[in-house]
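Take a look at the structure set out below.
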Amino acid sequence: MNFENILVDLTDHIAAIIINRPKKLNALNRDTISELSKAISQLEVDENIRVIIITGSGTKAFVAGADISEFADFDVAQGELLAKKGQETLFDLVESLSIPVIAAVNGFALGGGLELAMACHFRVASANAKMGLPEVSLGVIPGYGGTQRLPQLVGKGKAMEMIMTAGMMDADEAKKYGLVNHVVDIETLLPFCKEIAEKISRNSSTAISAAIKAVNANFEDGVNGFEVEVKEFGNCFGTEDFIEGTTAFLEKRKPNF
Ligand code: COA
């Protein structure tokens, strides 16, 4: 995979996507969003890939936000379209991807950067990471899902405070609020995420896809998550992975998915 703004590293069943605009602290410009979307869509249909890790190049920033220079002169209609297109092209794609996506937050994750990390299925941060939604300091609000996903993760009151103050949370506080699952040294961030990814890739990928759908259903308006769970649970019984998983258990061996 050849891209200008991102690197894709494939090792066994794991794809690491590295956002690579270090001079701009990996800010998400239009091309980077489009490349991320393309790469993720291609990896989703690659049968060999079981987990995606998204991180930023260098040790300073995961992503320092949407690229401010690209929208500073937008009008109302362009602003709305920017948010809508971005959400559809990348953020919703990541959240509902059928394979797990882990954010390895290696420094500043601000604005669109934190929104990208929050669209991932879970997050691991390096000790130097700083996270926030500073959009109101620019006279705008988060537009890539931040007003919706931050309250889901940290609770409404803390999300309101973070958004209103435009403040940053350090890695330990982010862990305390459940925004990230783990905090590790920057040097061990990727190996640590790969270890988790390896654990995941030993399990049934069809069951994991079903679990993603069922968990996400909890947060969709007008959708009964329990009903989605029942349906997805039932569907699992028609898969080869179910036969292999249950047979392996009964034969006292490890499953080969
Ligand atoms: N969009 C466009 N460019 C950005 C950017 C963004 N979101 N964030 C950083 N950059 C650029 C800077 O303009 C600078 O470019 P230059 O060297 O060509 O001037 C470069 O990245 C380095 O950033 P700089 O601000 O010099 O680094 P710093 O260490 O002093 O500060 C931050 C780091 C993250 C605190 C600061 O860059 C910042 O506040 N960024 C914007 C965060 C934000 O508001 N994000 C939400 C956008 S909606």
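Here, A, B, ... name the chains of the structure tokens in the order displayed, residue numbers run from 1 inside each chain, and ligands are numbered from 1 in the same displayed order.
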
Exercise. Once you count only C-alpha atoms and all ligand atoms, which residues end up within 7 Å of ligand 1, and could you hand them over as a ChimeraX atom specification?
Worked result: /A:23-25,27,64-69,108,110-112,133-135,138,142

For this session: Might you pull out every residue within 12 Å of Pro255 (chain A), with only C-alpha atoms counted and same-chain residues fewer than 4 positions away left off, and present them as JSON, numbers by chain?
Result: {"A": [201, 202, 203, 204, 240, 241, 242, 243, 244, 245, 246, 247, 248, 249, 250, 251]}

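In this comparison, which uses only C-alpha atoms, the residue of A:Ser96, A:Lys60, A:Glu232, A:Glu195 approaching Glu220 (chain A) most closely is A:Ser96.
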
For this session: Run DSSP on the backbone of this structure and report the residues of region 36-194 of chain A it assigns to alpha helix (DSSP H), as an MDAnalysis selection string.
Result: chainID A and resid 36:44 68:71 76:86 92:95 112:119 146:154 156:165 171:176 189:194

For this session: Compare A:Val215, A:Leu81, A:Ala104, A:Leu97 by their minimum atom-to-atom distance to His182 (chain A), counting only C-alpha atoms, and give me the closest one.
Result: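 The answer is A:Ala104, which sits nearest to His182 (chain A).
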
Problem set entry | Selection near Thr59 (chain A), 8 Å with only C-alpha atoms, sequence-local residues under 5 positions removed, as a PyMOL selection string | chain A and resi 106-107+186

Please save N, CA, C and O atoms of the selected residues as a PDB file, in the first residue's frame.
ATOM      1  N   ASN A 106       0.100   8.256  20.969  1.00  0.00           N
ATOM      2  CA  ASN A 106       1.525   8.461  21.262  1.00  0.00           C
ATOM      3  C   ASN A 106       1.895   9.942  21.437  1.00  0.00           C
ATOM      4  O   ASN A 106       2.937  10.359  20.969  1.00  0.00           O
ATOM      5  N   GLY A 107       1.031  10.704  22.103  1.00  0.00           N
ATOM      6  CA  GLY A 107       1.327  12.130  22.277  1.00  0.00           C
ATOM      7  C   GLY A 107       0.031  12.913  22.192  1.00  0.00           C
ATOM      8  O   GLY A 107      -1.025  12.403  22.603  1.00  0.00           O
ATOM      9  N   ILE A 186       6.296   5.329  26.164  1.00  0.00           N
ATOM     10  CA  ILE A 186       6.221   5.552  24.714  1.00  0.00           C
ATOM     11  C   ILE A 186       6.960   4.458  23.927  1.00  0.00           C
ATOM     12  O   ILE A 186       6.482   4.002  22.903  1.00  0.00           O
TER      13      ILE A 186
END

Problem set entry | Per-residue DSSP, region 9-257 of chain A, filtered to strand (DSSP E), as a PyMOL selection string | chain A and resi 9-11+14-19+51-56+61-63+101-105+108-110+122-126+130-132+168-170+182-184

Could those selected residues go to a file with N, CA and C atoms, as a compact mmCIF listing (two decimals), in the first residue's frame?
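Ended up saving to again.txt:
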# COMPACT_ATOMS: atom_id res chain seq x y z
N ASP A 9 2.13 -0.79 7.97
CA ASP A 9 3.10 -1.84 8.26
C ASP A 9 2.34 -3.13 8.57
N LEU A 10 2.61 -4.17 7.78
CA LEU A 10 1.89 -5.43 7.98
C LEU A 10 2.81 -6.46 8.63
N THR A 11 2.41 -6.97 9.78
CA THR A 11 3.17 -8.04 10.43
C THR A 11 2.19 -9.13 10.83
N ILE A 14 -1.52 -8.48 11.78
CA ILE A 14 -1.73 -7.14 12.36
C ILE A 14 -1.25 -6.06 11.40
N ALA A 15 -2.10 -5.05 11.19
CA ALA A 15 -1.71 -3.91 10.36
C ALA A 15 -1.56 -2.69 11.26
N ALA A 16 -0.39 -2.05 11.20
CA ALA A 16 -0.21 -0.79 11.94
C ALA A 16 -0.26 0.33 10.91
N ILE A 17 -1.19 1.26 11.11
CA ILE A 17 -1.28 2.44 10.24
C ILE A 17 -0.65 3.60 11.00
N ILE A 18 0.37 4.21 10.39
CA ILE A 18 1.08 5.32 11.05
C ILE A 18 0.76 6.60 10.29
N ILE A 19 0.12 7.54 10.95
CA ILE A 19 -0.19 8.83 10.32
C ILE A 19 1.11 9.63 10.30
N VAL A 51 -6.44 -7.45 12.95
CA VAL A 51 -6.51 -6.27 13.85
C VAL A 51 -5.76 -5.11 13.19
N ILE A 52 -6.30 -3.90 13.37
CA ILE A 52 -5.62 -2.69 12.89
C ILE A 52 -5.24 -1.84 14.11
N ILE A 53 -4.02 -1.33 14.08
CA ILE A 53 -3.58 -0.37 15.11
C ILE A 53 -3.35 0.96 14.39
N ILE A 54 -3.90 2.04 14.94
CA ILE A 54 -3.64 3.36 14.34
C ILE A 54 -2.79 4.17 15.32
N THR A 55 -1.72 4.77 14.80
CA THR A 55 -0.86 5.59 15.66
C THR A 55 -0.33 6.76 14.83
N GLY A 56 0.43 7.66 15.48
CA GLY A 56 1.02 8.79 14.77
C GLY A 56 2.53 8.61 14.70
N ALA A 61 3.11 13.60 18.75
CA ALA A 61 1.67 13.69 18.48
C ALA A 61 1.11 12.41 17.87
N PHE A 62 -0.06 12.04 18.35
CA PHE A 62 -0.90 11.06 17.63
C PHE A 62 -1.47 11.84 16.45
N VAL A 63 -2.34 12.78 16.72
CA VAL A 63 -2.87 13.70 15.70
C VAL A 63 -3.27 14.98 16.44
N VAL A 101 -10.12 -2.17 15.80
CA VAL A 101 -9.19 -1.07 15.56
C VAL A 101 -8.77 -0.51 16.92
N ILE A 102 -7.46 -0.53 17.17
CA ILE A 102 -6.92 -0.02 18.44
C ILE A 102 -6.21 1.30 18.15
N ALA A 103 -6.46 2.32 18.97
CA ALA A 103 -5.70 3.57 18.84
C ALA A 103 -4.51 3.51 19.80
N ALA A 104 -3.31 3.68 19.26
CA ALA A 104 -2.10 3.77 20.09
C ALA A 104 -1.76 5.26 20.16
N VAL A 105 -2.19 5.90 21.23
CA VAL A 105 -2.12 7.36 21.35
C VAL A 105 -0.74 7.77 21.87
N PHE A 108 0.08 14.13 21.63
CA PHE A 108 -1.13 14.93 21.54
C PHE A 108 -2.21 14.23 20.71
N ALA A 109 -3.39 14.10 21.28
CA ALA A 109 -4.57 13.67 20.52
C ALA A 109 -5.61 14.75 20.77
N LEU A 110 -5.67 15.70 19.86
CA LEU A 110 -6.52 16.87 20.07
C LEU A 110 -7.55 16.97 18.96
N PHE A 122 -10.92 0.65 21.04
CA PHE A 122 -10.40 1.06 22.34
C PHE A 122 -9.05 1.72 22.17
N ARG A 123 -8.54 2.31 23.25
CA ARG A 123 -7.35 3.15 23.19
C ARG A 123 -6.31 2.74 24.23
N VAL A 124 -5.04 2.84 23.82
CA VAL A 124 -3.91 2.69 24.73
C VAL A 124 -3.09 3.96 24.57
N ALA A 125 -2.63 4.54 25.70
CA ALA A 125 -1.89 5.81 25.60
C ALA A 125 -0.47 5.64 26.10
N SER A 126 0.44 6.43 25.53
CA SER A 126 1.79 6.54 26.10
C SER A 126 1.70 7.55 27.25
N LYS A 130 -1.48 13.53 25.65
CA LYS A 130 -2.37 14.58 26.15
C LYS A 130 -3.58 14.62 25.22
N MET A 131 -4.76 14.59 25.82
CA MET A 131 -5.97 14.49 25.02
C MET A 131 -6.96 15.60 25.33
N GLY A 132 -7.60 16.12 24.30
CA GLY A 132 -8.59 17.16 24.52
C GLY A 132 -9.34 17.52 23.26
N MET A 168 -6.84 20.02 28.31
CA MET A 168 -6.26 18.72 27.96
C MET A 168 -6.21 17.82 29.19
N MET A 169 -6.36 16.54 28.95
CA MET A 169 -6.27 15.53 30.01
C MET A 169 -4.96 14.78 29.80
N ASP A 170 -4.22 14.52 30.89
CA ASP A 170 -3.02 13.71 30.68
C ASP A 170 -3.40 12.22 30.68
N HIS A 182 -5.15 1.58 28.92
CA HIS A 182 -3.83 1.35 29.50
C HIS A 182 -2.95 2.56 29.25
N VAL A 183 -1.97 2.76 30.15
CA VAL A 183 -0.93 3.78 29.93
C VAL A 183 0.41 3.07 30.02
N VAL A 184 1.23 3.22 28.99
CA VAL A 184 2.55 2.56 28.98
C VAL A 184 3.60 3.57 28.50

Seminar exercise, completed: For Leu82 (chain A), the closest of A:Ile33, A:Ala129, A:Ala174, A:Leu7 counting only C-alpha atoms is A:Ile33

For this session: Compare A:Leu36, A:Val136, A:Ile208, A:Ala171 by their minimum atom-to-atom distance to Met1 (chain A), counting only C-alpha atoms, and give me the closest one.
Result: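 When distances to Met1 (chain A) are compared using only C-alpha atoms, the smallest one comes from A:Leu36.
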